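Q: This is the content of model31.txt (compact mmCIF, C-alpha atoms):
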```txt
# COMPACT_ATOMS: atom_id res chain seq x y z
CA SER A 20 0.00 0.00 0.00
CA SER A 21 1.10 3.57 -0.61
CA ASP A 22 2.57 5.67 2.19
CA VAL A 23 0.83 8.73 3.53
CA VAL A 24 2.81 11.51 5.17
CA SER A 25 1.75 13.27 8.35
CA SER A 26 3.70 16.52 8.83
CA ASP A 27 4.31 18.79 11.82
CA LEU A 28 6.29 22.01 12.07
CA ALA A 29 8.76 22.85 14.84
CA ILE A 30 10.92 25.93 15.57
CA ARG A 31 14.64 25.45 14.92
CA GLN A 32 17.02 27.10 17.41
CA ASP A 33 20.81 27.55 17.57
CA ARG A 34 23.04 26.78 20.59
CA GLN A 35 22.26 30.18 22.11
CA GLY A 36 18.53 29.42 21.97
CA ARG A 37 17.83 31.87 19.17
CA ASN A 38 15.19 31.00 16.60
CA THR A 39 16.81 30.31 13.25
CA GLY A 40 13.90 28.94 11.24
CA MET A 41 11.25 26.24 10.97
CA LEU A 42 11.80 22.51 10.89
CA GLU A 43 9.37 20.18 9.17
CA ILE A 44 8.94 16.77 10.80
CA ASN A 45 7.50 14.09 8.60
CA ARG A 46 5.89 10.92 9.88
CA TYR A 47 5.30 8.15 7.40
CA LEU A 48 2.16 6.20 8.14
CA THR A 49 0.85 3.30 6.13
CA GLU A 50 -2.82 3.06 5.27
CA ARG A 51 -3.04 0.18 7.75
CA ASP A 52 -1.67 2.42 10.51
CA ILE A 53 -4.26 5.08 9.69
CA THR A 54 -7.06 2.51 9.60
CA GLU A 55 -6.04 1.12 13.01
CA ARG A 56 -5.78 4.63 14.45
CA LYS A 57 -9.27 5.46 13.18
CA LYS A 58 -10.63 2.30 14.76
CA VAL A 59 -9.05 3.22 18.08
CA ASP A 60 -10.39 6.79 17.86
CA THR A 61 -13.87 5.53 16.99
CA ALA A 62 -13.86 3.01 19.83
CA LEU A 63 -12.67 5.67 22.26
CA LYS A 64 -15.42 8.07 21.19
CA GLU A 65 -18.06 5.35 21.58
CA LYS A 66 -16.70 4.43 25.02
CA MET A 67 -16.77 8.06 26.14
CA GLU A 68 -20.32 8.42 24.85
CA ASP A 69 -21.36 5.30 26.76
CA LEU A 70 -19.73 6.68 29.89
CA ARG A 71 -21.52 10.02 29.45
CA ARG A 72 -24.87 8.28 29.05
CA MET A 73 -24.16 6.04 32.04
CA ALA A 74 -23.12 9.02 34.14
CA THR A 75 -26.39 10.79 33.30
CA VAL A 76 -28.47 7.74 34.18
CA VAL A 77 -26.55 7.13 37.40
CA SER A 78 -26.76 10.76 38.46
CA ASP A 79 -30.49 11.09 37.78
CA SER A 80 -31.54 7.73 39.22
CA ASN A 81 -33.67 7.77 42.37
CA ASP A 82 -32.27 4.37 43.26
CA ALA A 83 -28.89 4.07 44.91
CA VAL A 84 -26.24 3.18 42.33
CA ILE A 85 -22.84 2.08 43.65
CA MET A 86 -19.79 0.88 41.77
CA HIS A 87 -16.88 -0.80 43.55
CA ASP A 88 -13.78 -2.69 42.49
CA LEU A 89 -13.31 -6.40 43.09
CA GLU A 90 -11.83 -5.70 46.53
CA GLY A 91 -14.93 -3.75 47.54
CA ASN A 92 -13.44 -0.24 47.36
CA ILE A 93 -16.19 2.18 46.34
CA LEU A 94 -15.48 3.90 43.01
CA ALA A 95 -18.79 5.64 42.26
CA TRP A 96 -21.66 6.84 44.43
CA ASN A 97 -24.69 8.63 43.02
CA ARG A 98 -27.24 11.03 44.49
CA GLY A 99 -29.66 8.16 45.16
CA ALA A 100 -27.02 6.45 47.29
CA LYS A 101 -26.45 9.67 49.24
CA ASP A 102 -30.19 10.08 49.84
CA THR A 103 -30.58 6.43 50.86
CA TYR A 104 -27.55 5.95 53.09
CA GLY A 105 -26.68 9.49 54.19
CA TYR A 106 -23.02 9.48 53.13
CA SER A 107 -21.79 12.16 50.73
CA GLU A 108 -19.89 11.07 47.64
CA ALA A 109 -16.61 12.24 49.18
CA GLU A 110 -17.27 10.18 52.32
CA ALA A 111 -18.35 7.10 50.39
CA LEU A 112 -15.32 7.07 48.09
CA LYS A 113 -13.12 6.54 51.15
CA LYS A 114 -15.06 3.44 52.19
CA ASN A 115 -15.15 -0.22 51.34
CA VAL A 116 -18.59 -1.52 50.44
CA ARG A 117 -18.45 -4.01 53.34
CA ASP A 118 -18.45 -1.02 55.72
CA ILE A 119 -22.11 -0.40 54.88
CA VAL A 120 -23.23 -4.03 55.15
CA ALA A 121 -24.99 -5.02 58.38
CA GLU A 122 -22.73 -7.29 60.46
CA PRO A 123 -24.98 -10.40 60.25
CA ASP A 124 -24.99 -10.19 56.43
CA ARG A 125 -21.29 -9.50 55.79
CA GLU A 126 -20.15 -13.09 55.34
CA ALA A 127 -23.00 -13.84 52.92
CA ALA A 128 -22.35 -10.59 51.03
CA LEU A 129 -18.65 -11.40 50.59
CA ALA A 130 -19.56 -14.88 49.36
CA LEU A 131 -21.91 -13.39 46.76
CA ILE A 132 -19.23 -10.94 45.58
CA GLN A 133 -16.82 -13.86 45.20
CA LYS A 134 -19.38 -15.74 43.09
CA ILE A 135 -19.85 -12.69 40.87
CA LYS A 136 -16.06 -12.31 40.48
CA GLU A 137 -15.85 -15.94 39.40
CA GLY A 138 -18.40 -15.34 36.66
CA GLU A 139 -21.46 -16.82 38.34
CA ILE A 140 -24.65 -14.97 37.45
CA VAL A 141 -26.13 -13.36 40.56
CA LYS A 142 -28.73 -10.93 39.29
CA SER A 143 -30.64 -9.84 42.39
CA PHE A 144 -30.67 -10.48 46.10
CA GLU A 145 -31.74 -8.92 49.40
CA LEU A 146 -29.26 -7.43 51.85
CA ARG A 147 -29.24 -5.30 54.99
CA ARG A 148 -27.25 -2.07 54.77
CA VAL A 149 -26.17 0.28 57.54
CA ALA A 150 -26.98 3.97 57.00
CA LYS A 151 -24.78 6.78 58.30
CA ASP A 152 -27.19 7.40 61.19
CA GLY A 153 -27.00 3.74 62.23
CA ARG A 154 -30.33 2.62 60.83
CA ILE A 155 -30.48 -0.90 59.38
CA LEU A 156 -32.12 -0.84 55.96
CA ASP A 157 -33.57 -3.76 54.02
CA VAL A 158 -32.31 -3.33 50.45
CA TRP A 159 -32.98 -5.11 47.16
CA LEU A 160 -29.87 -5.20 44.96
CA THR A 161 -29.42 -5.82 41.25
CA THR A 162 -25.80 -6.46 40.24
CA THR A 163 -23.85 -5.93 37.02
CA LEU A 164 -20.33 -7.24 36.48
CA LEU A 165 -18.16 -4.72 34.61
CA ILE A 166 -15.40 -6.10 32.37
CA ASP A 167 -12.57 -4.55 30.38
CA GLU A 168 -11.97 -4.86 26.64
CA LYS A 169 -10.33 -8.26 27.20
CA GLY A 170 -13.32 -9.61 29.07
CA LYS A 171 -11.59 -9.46 32.44
CA PRO A 172 -13.80 -8.49 35.43
CA VAL A 173 -12.77 -5.11 36.83
CA ALA A 174 -15.67 -3.86 38.94
CA ILE A 175 -19.19 -4.51 40.16
CA ALA A 176 -22.08 -2.05 39.85
CA THR A 177 -25.20 -2.39 42.01
CA THR A 178 -28.58 -0.72 41.75
CA GLU A 179 -30.15 -0.70 45.19
CA ARG A 180 -33.67 0.05 46.40
CA ASP A 181 -34.68 0.56 50.01
CA ILE A 182 -37.55 -1.85 50.81
CA THR A 183 -37.51 -1.28 54.57
CA ASP A 184 -41.00 0.28 54.64
CA TYR A 185 -42.36 -2.56 52.51
CA ARG A 186 -40.79 -5.14 54.79
CA LEU A 187 -42.11 -3.34 57.87
CA ALA A 188 -45.62 -3.12 56.40
CA THR A 189 -45.50 -6.81 55.47
CA LYS A 190 -44.35 -7.75 58.96
CA GLU A 191 -47.06 -5.62 60.59
CA LYS A 192 -49.68 -7.17 58.31
CA GLU A 193 -48.52 -10.68 59.22
CA GLN A 194 -48.63 -9.81 62.93
CA LEU A 195 -52.14 -8.38 62.55
CA ILE A 196 -53.35 -11.50 60.74
CA THR A 197 -51.87 -13.67 63.49
CA LYS A 198 -53.62 -11.61 66.17
CA LEU A 199 -56.93 -11.80 64.30
CA LYS A 200 -56.60 -15.58 63.95
CA ASP A 201 -55.83 -15.90 67.65
CA SER A 202 -58.79 -13.71 68.58
CA LEU A 203 -61.11 -15.64 66.27
CA GLU A 204 -59.94 -18.94 67.71
CA ARG A 205 -60.55 -17.73 71.27
CA PHE A 206 -63.98 -16.39 70.27
CA GLN A 207 -64.92 -19.66 68.59
CA ASN A 208 -63.88 -21.61 71.68
CA ILE A 209 -66.09 -19.37 73.83
CA ILE A 210 -69.04 -19.87 71.50
CA LYS A 211 -68.44 -23.60 71.33
CA GLU A 212 -68.52 -23.96 75.12
CA THR A 213 -71.43 -21.61 75.85
CA LYS A 214 -74.92 -22.95 76.51
CA ALA A 215 -76.53 -20.25 74.36
CA GLY A 216 -77.23 -21.05 70.74
CA TYR A 217 -75.09 -19.12 68.21
CA PHE A 218 -74.96 -19.17 64.43
CA PHE A 219 -73.13 -17.17 61.75
CA LEU A 220 -74.35 -16.31 58.27
CA ASP A 221 -72.44 -14.93 55.30
CA THR A 222 -73.62 -11.93 53.28
CA LYS A 223 -75.83 -14.23 51.17
CA GLY A 224 -77.66 -15.57 54.21
CA LEU A 225 -75.95 -18.97 54.17
CA PHE A 226 -75.01 -20.69 57.41
CA GLN A 227 -71.26 -20.66 57.99
CA GLN A 228 -71.03 -21.83 61.60
CA VAL A 229 -73.27 -23.03 64.41
CA ASN A 230 -72.44 -24.24 67.89
CA GLU A 231 -73.54 -27.39 69.68
CA ALA A 232 -76.16 -25.53 71.73
CA TRP A 233 -77.82 -24.19 68.56
CA LEU A 234 -77.89 -27.66 66.98
CA HIS A 235 -79.51 -29.09 70.11
CA LEU A 236 -82.10 -26.29 70.28
CA HIS A 237 -83.19 -26.81 66.67
CA GLY A 238 -83.02 -30.56 66.48
CA TYR A 239 -79.90 -31.03 64.38
CA SER A 240 -77.35 -33.69 65.18
CA SER A 241 -74.46 -32.41 63.05
CA PRO A 242 -73.26 -29.06 61.63
CA ASP A 243 -73.13 -30.74 58.18
CA GLU A 244 -76.94 -30.73 58.16
CA ILE A 245 -77.12 -26.93 58.16
CA ILE A 246 -73.79 -25.45 57.01
CA GLY A 247 -74.13 -23.96 53.55
CA LYS A 248 -77.94 -23.83 53.60
CA HIS A 249 -79.90 -20.61 53.39
CA PHE A 250 -81.37 -19.07 56.50
CA SER A 251 -84.87 -19.26 54.97
CA THR A 252 -84.79 -23.05 54.90
CA THR A 253 -84.88 -23.26 58.70
CA GLN A 254 -87.60 -22.47 61.17
CA ILE A 255 -86.05 -20.12 63.68
```
Starting from the coordinates I provided, produce the structure as structure tokens.
A:
Amino acid sequence: SSDVVSSDLAIRQDRQGRNTGMLEINRYLTERDITERKKVDTALKEKMEDLRRMATVVSDSNDAVIMHDLEGNILAWNRGAKDTYGYSEAEALKKNVRDIVAEPDREAALALIQKIKEGEIVKSFELRRVAKDGRILDVWLTTTLLIDEKGKPVAIATTERDITDYRLATKEKEQLITKLKDSLERFQNIIKETKAGYFFLDTKGLFQQVNEAWLHLHGYSSPDEIIGKHFSTTQI
């Protein structure tokens, strides 16, 4: 292939440092060299554009987005992370990610990071984080393994959402259901043992429950004879 010349100009000086003229410096590049350089320039531009887009997404995300190296040292910390955990970016960049993992979860968290480093796919999992003010937060994490141009793992990015309120609401709901079941069971035992006749109907007027006293008063020997029947079929 034909050679292409790339030229630059430089100032020529004598031993006393005085300018004596211009010097032309020629660099001979083959078409292959130019093609390879263009490929590198194009790839670099695309990479920078990807980084700019990623930076915009990370900055604007309401979720906490954290990037750390394979040793756990935090490399990036967005506004969502600051709002969630209370640490400023400057504070976070001095920390290791294990510093914000609740003590009971640290061993499991390190094991998961090791699996990710080894190439195992670990998309999402739940973890407890420690906020700056000491609060323990239930967090749902989605992980992304970042690799270099040779396919070598270099960092881990996590998108994290605080689900503490959801967990608390779920726990309170479960506790309420348990209390209601306990209360209903105690109430049913009272009704079962009382000598007064009791019955319960649903909104359609169908018998749902009767006690022994009611069966005796109305001449029934078993609840199966009345449960599910309409109130109008009985003479009460």
Q: For each of A:Arg147, A:Arg205, A:His237, A:Lys142, take the minimum atom-to-atom distance to Asp181 (chain A), counting all atoms listed in the file, then give the residue where this is smallest.
A: A:Arg147
Q: Tell me which protein, DNA and RNA residues are within 12 Å of Asp221 (chain A), counting only C-alpha atoms, leaving out same-chain ones fewer than 4 positions away, and put them as a list of chain:residue names.
A: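 Contacts, in chain order: A:Leu225, A:Phe226, A:Gln227, A:Gln228, A:Ile246, A:Gly247, A:Lys248, A:His249, A:Phe250.
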Q: In Å, with one decimal, what is the gap from CA of Arg154 (chain A) to CA of Ala174 (chain A)?
A: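 For CA of Arg154 (chain A) relative to CA of Ala174 (chain A), the distance reads 27.1 Å.
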Q: I need the residue nearest Asp82 (chain A) from this list: A:Lys134, A:Lys151, A:His235, A:Lys101. Use only C-alpha atoms for the distance.
A: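 For Asp82 (chain A), the nearest of the candidates is A:Lys101.
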Q: Expressed in Å to a single decimal, how great is the separation between CA of Thr213 (chain A) and CA of Trp233 (chain A)?
A: 10.0 Å
Q: Distance CA of Val141 (chain A)-CA of Lys113 (chain A), one decimal place?
A: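 CA of Val141 (chain A) sits 26.0 Å away from CA of Lys113 (chain A).
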Q: Taking into account all atoms listed in the file, which residue in the set A:Arg34, A:Lys211, A:Glu122, A:Asp157 is nearest to Arg186 (chain A)?
A: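 Selected residue with least distance to Arg186 (chain A): A:Asp157.
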Q: Mind rebuilding region 108-123 of chain A with N, CA, C and O atoms and writing that out as an mmCIF file, in the coordinates of the input?
A:
```cif
data_model
loop_
_atom_site.group_PDB
_atom_site.id
_atom_site.type_symbol
_atom_site.label_atom_id
_atom_site.label_comp_id
_atom_site.auth_asym_id
_atom_site.auth_seq_id
_atom_site.Cartn_x
_atom_site.Cartn_y
_atom_site.Cartn_z
ATOM 1 N N GLU A 108 -20.761 11.781 48.578
ATOM 2 C CA GLU A 108 -19.890 11.070 47.640
ATOM 3 C C GLU A 108 -18.450 11.039 48.148
ATOM 4 O O GLU A 108 -17.776 10.009 48.082
ATOM 5 N N ALA A 109 -17.992 12.173 48.680
ATOM 6 C CA ALA A 109 -16.610 12.240 49.180
ATOM 7 C C ALA A 109 -16.396 11.253 50.324
ATOM 8 O O ALA A 109 -15.344 10.608 50.413
ATOM 9 N N GLU A 110 -17.376 11.116 51.204
ATOM 10 C CA GLU A 110 -17.270 10.180 52.320
ATOM 11 C C GLU A 110 -17.286 8.729 51.820
ATOM 12 O O GLU A 110 -16.510 7.891 52.272
ATOM 13 N N ALA A 111 -18.177 8.464 50.873
ATOM 14 C CA ALA A 111 -18.350 7.100 50.390
ATOM 15 C C ALA A 111 -17.117 6.589 49.642
ATOM 16 O O ALA A 111 -16.758 5.412 49.764
ATOM 17 N N LEU A 112 -16.468 7.478 48.886
ATOM 18 C CA LEU A 112 -15.320 7.070 48.090
ATOM 19 C C LEU A 112 -14.115 6.676 48.945
ATOM 20 O O LEU A 112 -13.145 6.116 48.431
ATOM 21 N N LYS A 113 -14.184 6.939 50.235
ATOM 22 C CA LYS A 113 -13.120 6.540 51.150
ATOM 23 C C LYS A 113 -13.438 5.206 51.836
ATOM 24 O O LYS A 113 -12.648 4.723 52.637
ATOM 25 N N LYS A 114 -14.602 4.644 51.509
ATOM 26 C CA LYS A 114 -15.060 3.440 52.190
ATOM 27 C C LYS A 114 -14.944 2.203 51.324
ATOM 28 O O LYS A 114 -14.848 2.282 50.098
ATOM 29 N N ASN A 115 -14.982 1.066 51.994
ATOM 30 C CA ASN A 115 -15.150 -0.220 51.340
ATOM 31 C C ASN A 115 -16.613 -0.589 51.460
ATOM 32 O O ASN A 115 -17.256 -0.287 52.472
ATOM 33 N N VAL A 116 -17.153 -1.232 50.450
ATOM 34 C CA VAL A 116 -18.590 -1.520 50.440
ATOM 35 C C VAL A 116 -19.005 -2.371 51.637
ATOM 36 O O VAL A 116 -20.147 -2.289 52.104
ATOM 37 N N ARG A 117 -18.088 -3.187 52.181
ATOM 38 C CA ARG A 117 -18.450 -4.010 53.340
ATOM 39 C C ARG A 117 -18.714 -3.152 54.581
ATOM 40 O O ARG A 117 -19.351 -3.620 55.523
ATOM 41 N N ASP A 118 -18.223 -1.897 54.570
ATOM 42 C CA ASP A 118 -18.450 -1.020 55.720
ATOM 43 C C ASP A 118 -19.920 -0.657 55.890
ATOM 44 O O ASP A 118 -20.333 -0.256 56.977
ATOM 45 N N ILE A 119 -20.699 -0.760 54.801
ATOM 46 C CA ILE A 119 -22.110 -0.400 54.880
ATOM 47 C C ILE A 119 -23.018 -1.628 54.809
ATOM 48 O O ILE A 119 -24.212 -1.512 54.528
ATOM 49 N N VAL A 120 -22.431 -2.805 55.059
ATOM 50 C CA VAL A 120 -23.230 -4.030 55.150
ATOM 51 C C VAL A 120 -23.445 -4.353 56.619
ATOM 52 O O VAL A 120 -22.500 -4.310 57.415
ATOM 53 N N ALA A 121 -24.689 -4.661 56.995
ATOM 54 C CA ALA A 121 -24.990 -5.020 58.380
ATOM 55 C C ALA A 121 -24.155 -6.248 58.778
ATOM 56 O O ALA A 121 -23.979 -7.173 57.978
ATOM 57 N N GLU A 122 -23.643 -6.247 59.985
ATOM 58 C CA GLU A 122 -22.730 -7.290 60.460
ATOM 59 C C GLU A 122 -23.238 -8.708 60.197
ATOM 60 O O GLU A 122 -22.467 -9.555 59.707
ATOM 61 N N PRO A 123 -24.521 -9.014 60.473
ATOM 62 C CA PRO A 123 -24.980 -10.400 60.250
ATOM 63 C C PRO A 123 -24.948 -10.827 58.782
ATOM 64 O O PRO A 123 -24.946 -12.021 58.492
#
```
